[in-house]
>>> print(open('structure.pdb').read())   # PDB, C-alpha atoms and all ligand atoms
ATOM      1  CA  ARG A   1     -11.766 -26.477  37.572  1.00  0.00           C
ATOM      2  CA  ARG A   2     -12.736 -24.036  34.884  1.00  0.00           C
ATOM      3  CA  MET A   3     -10.412 -23.555  31.979  1.00  0.00           C
ATOM      4  CA  THR A   4     -10.330 -20.187  30.287  1.00  0.00           C
ATOM      5  CA  MET A   5     -10.269 -20.265  26.538  1.00  0.00           C
ATOM      6  CA  PRO A   6      -7.060 -18.870  25.099  1.00  0.00           C
ATOM      7  CA  GLU A   7      -7.687 -15.745  23.113  1.00  0.00           C
ATOM      8  CA  ASN A   8      -7.512 -16.506  19.417  1.00  0.00           C
ATOM      9  CA  LEU A   9      -4.983 -14.004  18.132  1.00  0.00           C
ATOM     10  CA  ASP A  10      -4.816 -15.618  14.715  1.00  0.00           C
ATOM     11  CA  ALA A  11      -8.508 -15.722  13.948  1.00  0.00           C
ATOM     12  CA  THR A  12      -7.924 -15.419  10.208  1.00  0.00           C
ATOM     13  CA  PRO A  13      -4.983 -16.199   7.885  1.00  0.00           C
ATOM     14  CA  LEU A  14      -4.412 -12.443   7.517  1.00  0.00           C
ATOM     15  CA  ASP A  15      -4.261 -12.014  11.300  1.00  0.00           C
ATOM     16  CA  ALA A  16      -1.672 -14.774  11.469  1.00  0.00           C
ATOM     17  CA  LEU A  17       0.372 -13.180   8.679  1.00  0.00           C
ATOM     18  CA  ALA A  18       0.215  -9.745  10.301  1.00  0.00           C
ATOM     19  CA  ARG A  19       1.384 -11.176  13.606  1.00  0.00           C
ATOM     20  CA  GLU A  20       4.272 -12.927  11.897  1.00  0.00           C
ATOM     21  CA  ALA A  21       5.202  -9.740  10.031  1.00  0.00           C
ATOM     22  CA  ALA A  22       5.237  -7.788  13.307  1.00  0.00           C
ATOM     23  CA  GLY A  23       8.534  -9.514  14.106  1.00  0.00           C
ATOM     24  CA  CYS A  24      10.061  -9.115  10.643  1.00  0.00           C
ATOM     25  CA  THR A  25      13.830  -8.570  10.435  1.00  0.00           C
ATOM     26  CA  ARG A  26      14.245  -9.388   6.722  1.00  0.00           C
ATOM     27  CA  CYS A  27      15.799  -5.981   6.039  1.00  0.00           C
ATOM     28  CA  PRO A  28      17.298  -3.363   8.389  1.00  0.00           C
ATOM     29  CA  LEU A  29      14.298  -0.986   8.291  1.00  0.00           C
ATOM     30  CA  TYR A  30      12.777  -2.576  11.406  1.00  0.00           C
ATOM     31  CA  CYS A  31      15.637  -1.117  13.486  1.00  0.00           C
ATOM     32  CA  ASP A  32      14.479   2.517  13.348  1.00  0.00           C
ATOM     33  CA  ALA A  33      10.782   2.207  12.555  1.00  0.00           C
ATOM     34  CA  THR A  34       8.238   2.046  15.388  1.00  0.00           C
ATOM     35  CA  GLN A  35       6.391  -1.007  14.090  1.00  0.00           C
ATOM     36  CA  THR A  36       5.492  -3.082  11.045  1.00  0.00           C
ATOM     37  CA  ILE A  37       2.518  -1.586   9.232  1.00  0.00           C
ATOM     38  CA  PHE A  38       0.754  -4.524   7.661  1.00  0.00           C
ATOM     39  CA  GLY A  39      -2.055  -4.291   5.114  1.00  0.00           C
ATOM     40  CA  GLU A  40      -5.677  -4.134   6.175  1.00  0.00           C
ATOM     41  CA  GLY A  41      -9.048  -4.901   4.663  1.00  0.00           C
ATOM     42  CA  PRO A  42     -11.341  -7.818   3.921  1.00  0.00           C
ATOM     43  CA  GLU A  43      -9.770 -11.187   3.165  1.00  0.00           C
ATOM     44  CA  ASP A  44     -12.168 -11.540   0.225  1.00  0.00           C
ATOM     45  CA  ALA A  45     -11.521  -8.060  -1.223  1.00  0.00           C
ATOM     46  CA  ARG A  46     -11.634  -8.022  -5.012  1.00  0.00           C
ATOM     47  CA  VAL A  47      -9.335  -5.027  -5.244  1.00  0.00           C
ATOM     48  CA  MET A  48      -5.945  -4.748  -3.532  1.00  0.00           C
ATOM     49  CA  VAL A  49      -4.311  -1.323  -3.428  1.00  0.00           C
ATOM     50  CA  VAL A  50      -0.542  -1.180  -2.974  1.00  0.00           C
ATOM     51  CA  GLY A  51       1.318   1.977  -1.949  1.00  0.00           C
ATOM     52  CA  GLU A  52       4.993   2.579  -1.286  1.00  0.00           C
ATOM     53  CA  GLN A  53       5.601   2.394   2.447  1.00  0.00           C
ATOM     54  CA  PRO A  54       4.032   3.765   5.625  1.00  0.00           C
ATOM     55  CA  GLY A  55       4.745   7.411   6.401  1.00  0.00           C
ATOM     56  CA  ASP A  56       5.357   9.187   9.697  1.00  0.00           C
ATOM     57  CA  GLN A  57       1.722   9.075  10.815  1.00  0.00           C
ATOM     58  CA  GLU A  58       1.199   5.464   9.774  1.00  0.00           C
ATOM     59  CA  ASP A  59       4.358   4.447  11.638  1.00  0.00           C
ATOM     60  CA  LEU A  60       2.941   5.918  14.834  1.00  0.00           C
ATOM     61  CA  ALA A  61      -0.697   4.905  14.331  1.00  0.00           C
ATOM     62  CA  GLY A  62       0.037   1.312  13.311  1.00  0.00           C
ATOM     63  CA  ARG A  63      -2.248   1.436  10.263  1.00  0.00           C
ATOM     64  CA  PRO A  64      -1.630   2.054   6.549  1.00  0.00           C
ATOM     65  CA  PHE A  65      -2.819   5.201   4.762  1.00  0.00           C
ATOM     66  CA  VAL A  66      -4.026   7.263   7.718  1.00  0.00           C
ATOM     67  CA  GLY A  67      -1.905  10.387   7.016  1.00  0.00           C
ATOM     68  CA  PRO A  68      -2.349  13.087   4.335  1.00  0.00           C
ATOM     69  CA  ALA A  69      -1.787  10.683   1.403  1.00  0.00           C
ATOM     70  CA  GLY A  70      -4.246   8.233   2.951  1.00  0.00           C
ATOM     71  CA  ARG A  71      -6.903  10.889   3.385  1.00  0.00           C
ATOM     72  CA  LEU A  72      -6.517  11.943  -0.250  1.00  0.00           C
ATOM     73  CA  PHE A  73      -6.725   8.302  -1.324  1.00  0.00           C
ATOM     74  CA  ASP A  74      -9.887   7.700   0.757  1.00  0.00           C
ATOM     75  CA  GLU A  75     -11.555  10.797  -0.656  1.00  0.00           C
ATOM     76  CA  GLN A  76     -10.750  10.042  -4.299  1.00  0.00           C
ATOM     77  CA  ALA A  77     -11.514   6.332  -3.963  1.00  0.00           C
ATOM     78  CA  LYS A  78     -14.911   7.175  -2.524  1.00  0.00           C
ATOM     79  CA  ALA A  79     -15.600   9.634  -5.346  1.00  0.00           C
ATOM     80  CA  ALA A  80     -14.621   6.895  -7.810  1.00  0.00           C
ATOM     81  CA  GLY A  81     -17.046   4.447  -6.218  1.00  0.00           C
ATOM     82  CA  LEU A  82     -14.419   2.341  -4.488  1.00  0.00           C
ATOM     83  CA  VAL A  83     -15.175   2.098  -0.786  1.00  0.00           C
ATOM     84  CA  ARG A  84     -12.031   1.866   1.326  1.00  0.00           C
ATOM     85  CA  LYS A  85     -13.634  -0.710   3.623  1.00  0.00           C
ATOM     86  CA  GLY A  86     -14.179  -3.056   0.676  1.00  0.00           C
ATOM     87  CA  VAL A  87     -10.609  -2.778  -0.529  1.00  0.00           C
ATOM     88  CA  TYR A  88      -7.468  -4.426   0.858  1.00  0.00           C
ATOM     89  CA  VAL A  89      -4.905  -1.657   1.330  1.00  0.00           C
ATOM     90  CA  THR A  90      -1.220  -2.348   1.791  1.00  0.00           C
ATOM     91  CA  ASN A  91       2.289  -1.170   0.934  1.00  0.00           C
ATOM     92  CA  ALA A  92       5.240  -2.553  -1.041  1.00  0.00           C
ATOM     93  CA  VAL A  93       7.428  -1.965   2.036  1.00  0.00           C
ATOM     94  CA  LYS A  94       6.029  -2.346   5.536  1.00  0.00           C
ATOM     95  CA  HIS A  95       8.360  -0.270   7.647  1.00  0.00           C
ATOM     96  CA  PHE A  96       8.749   3.528   7.580  1.00  0.00           C
ATOM     97  CA  LYS A  97      12.133   4.619   6.214  1.00  0.00           C
ATOM     98  CA  PHE A  98      13.297   8.082   7.211  1.00  0.00           C
ATOM     99  CA  VAL A  99      16.125  10.368   8.182  1.00  0.00           C
ATOM    100  CA  GLN A 100      15.860  12.441  11.332  1.00  0.00           C
ATOM    101  CA  ARG A 101      16.191  16.230  10.831  1.00  0.00           C
ATOM    102  CA  GLY A 102      15.811  17.853  14.214  1.00  0.00           C
ATOM    103  CA  LYS A 103      12.367  16.827  15.421  1.00  0.00           C
ATOM    104  CA  ARG A 104      11.151  15.883  11.955  1.00  0.00           C
ATOM    105  CA  ARG A 105      11.392  12.491  10.342  1.00  0.00           C
ATOM    106  CA  ILE A 106      11.865  12.888   6.605  1.00  0.00           C
ATOM    107  CA  HIS A 107      10.584  10.068   4.394  1.00  0.00           C
ATOM    108  CA  GLN A 108      13.175   8.211   2.311  1.00  0.00           C
ATOM    109  CA  ARG A 109      12.288   6.121  -0.708  1.00  0.00           C
ATOM    110  CA  PRO A 110      12.933   2.413  -0.069  1.00  0.00           C
ATOM    111  CA  ASP A 111      15.712   0.908  -2.207  1.00  0.00           C
ATOM    112  CA  ALA A 112      15.470  -2.126  -4.498  1.00  0.00           C
ATOM    113  CA  GLY A 113      16.854  -4.458  -1.800  1.00  0.00           C
ATOM    114  CA  GLU A 114      14.228  -3.362   0.724  1.00  0.00           C
ATOM    115  CA  VAL A 115      11.452  -3.714  -1.858  1.00  0.00           C
ATOM    116  CA  THR A 116      12.684  -7.199  -2.762  1.00  0.00           C
ATOM    117  CA  ALA A 117      12.967  -8.263   0.894  1.00  0.00           C
ATOM    118  CA  CYS A 118       9.414  -7.098   1.570  1.00  0.00           C
ATOM    119  CA  ARG A 119       7.996  -8.919  -1.473  1.00  0.00           C
ATOM    120  CA  TRP A 120       7.912 -11.900   0.903  1.00  0.00           C
ATOM    121  CA  TRP A 121       4.946 -10.280   2.680  1.00  0.00           C
ATOM    122  CA  LEU A 122       3.297  -8.755  -0.369  1.00  0.00           C
ATOM    123  CA  ASP A 123       3.319 -12.159  -2.090  1.00  0.00           C
ATOM    124  CA  ARG A 124       1.672 -13.710   0.952  1.00  0.00           C
ATOM    125  CA  GLU A 125      -0.975 -11.007   1.107  1.00  0.00           C
ATOM    126  CA  ILE A 126      -1.722 -11.550  -2.594  1.00  0.00           C
ATOM    127  CA  ALA A 127      -1.867 -15.346  -2.157  1.00  0.00           C
ATOM    128  CA  THR A 128      -4.247 -14.965   0.797  1.00  0.00           C
ATOM    129  CA  VAL A 129      -6.598 -12.283  -0.542  1.00  0.00           C
ATOM    130  CA  LYS A 130      -6.421 -13.449  -4.195  1.00  0.00           C
ATOM    131  CA  PRO A 131      -7.739 -10.147  -5.539  1.00  0.00           C
ATOM    132  CA  ASP A 132      -9.164  -9.822  -9.052  1.00  0.00           C
ATOM    133  CA  LEU A 133      -7.140  -6.664  -9.558  1.00  0.00           C
ATOM    134  CA  ILE A 134      -4.193  -4.948  -7.894  1.00  0.00           C
ATOM    135  CA  VAL A 135      -3.839  -1.168  -8.084  1.00  0.00           C
ATOM    136  CA  ALA A 136      -0.176  -0.138  -7.955  1.00  0.00           C
ATOM    137  CA  MET A 137       0.090   3.425  -6.692  1.00  0.00           C
ATOM    138  CA  GLY A 138       3.445   4.902  -7.613  1.00  0.00           C
ATOM    139  CA  ALA A 139       6.739   3.641  -9.003  1.00  0.00           C
ATOM    140  CA  THR A 140       7.754   1.603  -5.947  1.00  0.00           C
ATOM    141  CA  ALA A 141       4.555  -0.464  -5.953  1.00  0.00           C
ATOM    142  CA  LEU A 142       4.722  -0.831  -9.720  1.00  0.00           C
ATOM    143  CA  GLN A 143       8.318  -2.028  -9.463  1.00  0.00           C
ATOM    144  CA  ALA A 144       7.426  -4.512  -6.735  1.00  0.00           C
ATOM    145  CA  LEU A 145       4.533  -5.907  -8.767  1.00  0.00           C
ATOM    146  CA  THR A 146       5.836  -5.873 -12.340  1.00  0.00           C
ATOM    147  CA  GLY A 147       9.620  -5.647 -11.963  1.00  0.00           C
ATOM    148  CA  SER A 148       9.821  -2.095 -13.310  1.00  0.00           C
ATOM    149  CA  GLY A 149       8.646   1.238 -11.963  1.00  0.00           C
ATOM    150  CA  LYS A 150       9.897   3.261 -14.920  1.00  0.00           C
ATOM    151  CA  GLY A 151       7.719   5.600 -16.980  1.00  0.00           C
ATOM    152  CA  ILE A 152       4.726   5.509 -14.676  1.00  0.00           C
ATOM    153  CA  LEU A 153       3.052   8.531 -16.254  1.00  0.00           C
ATOM    154  CA  LYS A 154       2.919   6.688 -19.581  1.00  0.00           C
ATOM    155  CA  ARG A 155       1.790   3.415 -17.999  1.00  0.00           C
ATOM    156  CA  ARG A 156      -0.844   4.777 -15.667  1.00  0.00           C
ATOM    157  CA  GLY A 157      -4.431   3.710 -16.368  1.00  0.00           C
ATOM    158  CA  GLY A 158      -3.197   0.612 -18.169  1.00  0.00           C
ATOM    159  CA  VAL A 159      -3.479  -3.002 -17.042  1.00  0.00           C
ATOM    160  CA  GLU A 160      -0.288  -5.065 -16.835  1.00  0.00           C
ATOM    161  CA  SER A 161       0.582  -8.536 -15.673  1.00  0.00           C
ATOM    162  CA  GLY A 162       1.803  -9.021 -12.105  1.00  0.00           C
ATOM    163  CA  PRO A 163       2.605 -12.010  -9.858  1.00  0.00           C
ATOM    164  CA  ASP A 164       0.749 -15.189 -10.937  1.00  0.00           C
ATOM    165  CA  ASP A 165      -0.593 -13.340 -14.000  1.00  0.00           C
ATOM    166  CA  MET A 166      -2.606 -11.142 -11.674  1.00  0.00           C
ATOM    167  CA  ARG A 167      -3.903  -7.961 -13.319  1.00  0.00           C
ATOM    168  CA  VAL A 168      -2.085  -4.847 -12.152  1.00  0.00           C
ATOM    169  CA  LEU A 169      -3.463  -1.380 -12.864  1.00  0.00           C
ATOM    170  CA  ALA A 170      -0.844   1.350 -12.606  1.00  0.00           C
ATOM    171  CA  THR A 171      -1.531   4.792 -11.239  1.00  0.00           C
ATOM    172  CA  VAL A 172       0.346   7.566  -9.476  1.00  0.00           C
ATOM    173  CA  HIS A 173       0.846   7.767  -5.731  1.00  0.00           C
ATOM    174  CA  PRO A 174      -1.389  10.239  -3.855  1.00  0.00           C
ATOM    175  CA  SER A 175       1.770  11.802  -2.347  1.00  0.00           C
ATOM    176  CA  TYR A 176       2.740  12.822  -5.879  1.00  0.00           C
ATOM    177  CA  LEU A 177      -0.501  14.824  -6.091  1.00  0.00           C
ATOM    178  CA  LEU A 178       0.176  16.448  -2.710  1.00  0.00           C
ATOM    179  CA  ARG A 179       3.644  17.522  -3.856  1.00  0.00           C
ATOM    180  CA  LEU A 180       2.501  19.238  -7.071  1.00  0.00           C
ATOM    181  CA  PRO A 181       3.044  22.950  -6.412  1.00  0.00           C
ATOM    182  CA  ASP A 182       0.672  24.230  -9.075  1.00  0.00           C
ATOM    183  CA  ARG A 183      -3.014  24.238  -8.125  1.00  0.00           C
ATOM    184  CA  GLU A 184      -4.304  23.637 -11.615  1.00  0.00           C
ATOM    185  CA  ALA A 185      -1.860  20.842 -12.299  1.00  0.00           C
ATOM    186  CA  ARG A 186      -2.856  19.253  -9.022  1.00  0.00           C
ATOM    187  CA  ALA A 187      -6.569  19.449  -9.888  1.00  0.00           C
ATOM    188  CA  ARG A 188      -5.905  17.963 -13.321  1.00  0.00           C
ATOM    189  CA  GLU A 189      -3.738  15.147 -11.969  1.00  0.00           C
ATOM    190  CA  THR A 190      -6.243  14.427  -9.199  1.00  0.00           C
ATOM    191  CA  ASP A 191      -8.964  13.997 -11.860  1.00  0.00           C
ATOM    192  CA  LEU A 192      -6.738  11.499 -13.685  1.00  0.00           C
ATOM    193  CA  PHE A 193      -6.012   9.638 -10.444  1.00  0.00           C
ATOM    194  CA  ARG A 194      -9.742   9.380  -9.729  1.00  0.00           C
ATOM    195  CA  ALA A 195     -10.340   8.159 -13.283  1.00  0.00           C
ATOM    196  CA  ASP A 196      -7.754   5.398 -12.727  1.00  0.00           C
ATOM    197  CA  LEU A 197      -9.534   4.340  -9.542  1.00  0.00           C
ATOM    198  CA  ALA A 198     -12.876   4.359 -11.371  1.00  0.00           C
ATOM    199  CA  ARG A 199     -11.311   2.125 -14.038  1.00  0.00           C
ATOM    200  CA  ALA A 200     -10.237  -0.255 -11.268  1.00  0.00           C
ATOM    201  CA  ARG A 201     -13.801  -0.331  -9.977  1.00  0.00           C
ATOM    202  CA  ASP A 202     -15.102  -1.083 -13.485  1.00  0.00           C
ATOM    203  CA  LEU A 203     -12.593  -3.902 -14.001  1.00  0.00           C
ATOM    204  CA  VAL A 204     -13.839  -6.042 -11.112  1.00  0.00           C
TER     205      VAL A 204
HETATM  206  N1  LIG A 301       2.068   6.418   1.691  1.00  0.00           N
HETATM  207  C1  LIG A 301       2.072   5.101   1.390  1.00  0.00           C
HETATM  208  O1  LIG A 301       2.545   4.681   0.348  1.00  0.00           O
HETATM  209  N2  LIG A 301       1.553   4.266   2.261  1.00  0.00           N
HETATM  210  C2  LIG A 301       1.011   4.639   3.408  1.00  0.00           C
HETATM  211  O2  LIG A 301       0.563   3.772   4.146  1.00  0.00           O
HETATM  212  C3  LIG A 301       1.011   6.016   3.684  1.00  0.00           C
HETATM  213  C4  LIG A 301       1.555   6.877   2.832  1.00  0.00           C
END
>>> encode(input="structure.pdb", output="structure tokens")
Amino acid sequence: RRMTMPENLDATPLDALAREAAGCTRCPLYCDATQTIFGEGPEDARVMVVGEQPGDQEDLAGRPFVGPAGRLFDEQAKAAGLVRKGVYVTNAVKHFKFVQRGKRRIHQRPDAGEVTACRWWLDREIATVKPDLIVAMGATALQALTGSGKGILKRRGGVESGPDDMRVLATVHPSYLLRLPDREARARETDLFRADLARARDLV
């Protein structure tokens, strides 16, 4: 009698973690979100990029940074010499938080309790990937990684100490750039964002 090999769903430690996180109920955000959006990228990535939380498109697609903010990140990272495929990309919070307004789902910033609950997964991603540098994009990621998200515009471009003395480079979130109403300000801020990503590339 021939036995069929069971499919190996947990081929790598990251696969196993992602599968575990798919059933996460550590905070109430799983109730309304479509699915857990876990990080993705090589297990041996030297740079880990941490955003805030998945948005509407990520929630539906099942992957981080595939919406407008993700496209802007990809474009600027590439211009800075950081290839998305070589980077591990994740979020401080792994479920989409929103309020429904008619047909639209409006993003809500995760609160401190949700960020703390989700540190469980971020810590495991960091322990598994062991990056040389973590890029914190935005106040939520910076808070999750250093304990404070205050004054990001003064801290951006600088290297701070994160979990296990890991180096954390602060920068703004690409959604911040998308929200700037003034064209010139957006161009200027986008240049600074790209410079931060280039610094990250130079640091590893
Ligand atoms: N914004 C984030 O912080 N993360 C995503 O995955 C998408 C948008």
>>> residues_near_ligand(input="structure.pdb", ligand="ligand LIG 301 (chain A)", cutoff="6 Å", atoms="only C-alpha atoms and all ligand atoms", output="ChimeraX atom specification")
/A:51-55,58,64-65,69-70,91
>>> resolve_selection(input="structure.pdb", expression="the PyMOL selection byres (((chain A and resi 194-201) around 6) and not hetatm)", output="ChimeraX atom specification")
/A:76,80,157,191-193,202-204
>>> closest_residue(input="structure.pdb", among="A:Glu20, A:Asp56, A:Glu125, A:Glu160", to="Gly39 of chain A", atoms="all atoms listed in the file")
A:Glu125
>>> closest_residue(input="structure.pdb", among="A:Val172, A:Val99, A:Val159, A:Met48", to="Ile134 of chain A", atoms="all atoms listed in the file")
A:Met48
>>> atom_distance(input="structure.pdb", atom1="atom CA of Leu178 of chain A", atom2="atom CA of Asp111 of chain A")
22.0 Å
>>> atom_distance(input="structure.pdb", atom1="atom CA of Lys78 of chain A", atom2="atom CA of Val168 of chain A")
20.0 Å
>>> resolve_selection(input="structure.pdb", expression="the PyMOL selection byres (((chain A and resi 40) around 8) and not hetatm)", output="list in words")
Phe38, Gly39, Gly41, Pro42, Arg63, Pro64, Tyr88, Val89 and Thr90 of chain A
>>> resolve_selection(input="structure.pdb", expression="the PyMOL selection byres (((chain A and resi 25-31) around 7) and not hetatm)", output="VMD selection string")
chain A and resid 23 to 24 32 to 33 95 97 114 117
>>> atom_distance(input="structure.pdb", atom1="atom CA of Thr36 of chain A", atom2="atom CA of Arg101 of chain A")
22.1 Å
>>> closest_residue(input="structure.pdb", among="A:Tyr176, A:Arg105, A:Asn8, A:Glu75", to="Asp59 of chain A", atoms="all atoms listed in the file")
A:Arg105
>>> closest_residue(input="structure.pdb", among="A:Glu43, A:Asp164, A:Ala144, A:Ser175", to="His107 of chain A", atoms="all atoms listed in the file")
A:Ser175
>>> residues_around(input="structure.pdb", residues="Met166 of chain A", least_positions_apart="4", cutoff="7 Å", atoms="all atoms listed in the file", output="list in words")
Leu133, Ser161 and Gly162 of chain A
>>> closest_residue(input="structure.pdb", among="A:Ala21, A:Val93, A:Ile37, A:Leu60", to="Arg109 of chain A", atoms="all atoms listed in the file")
A:Val93
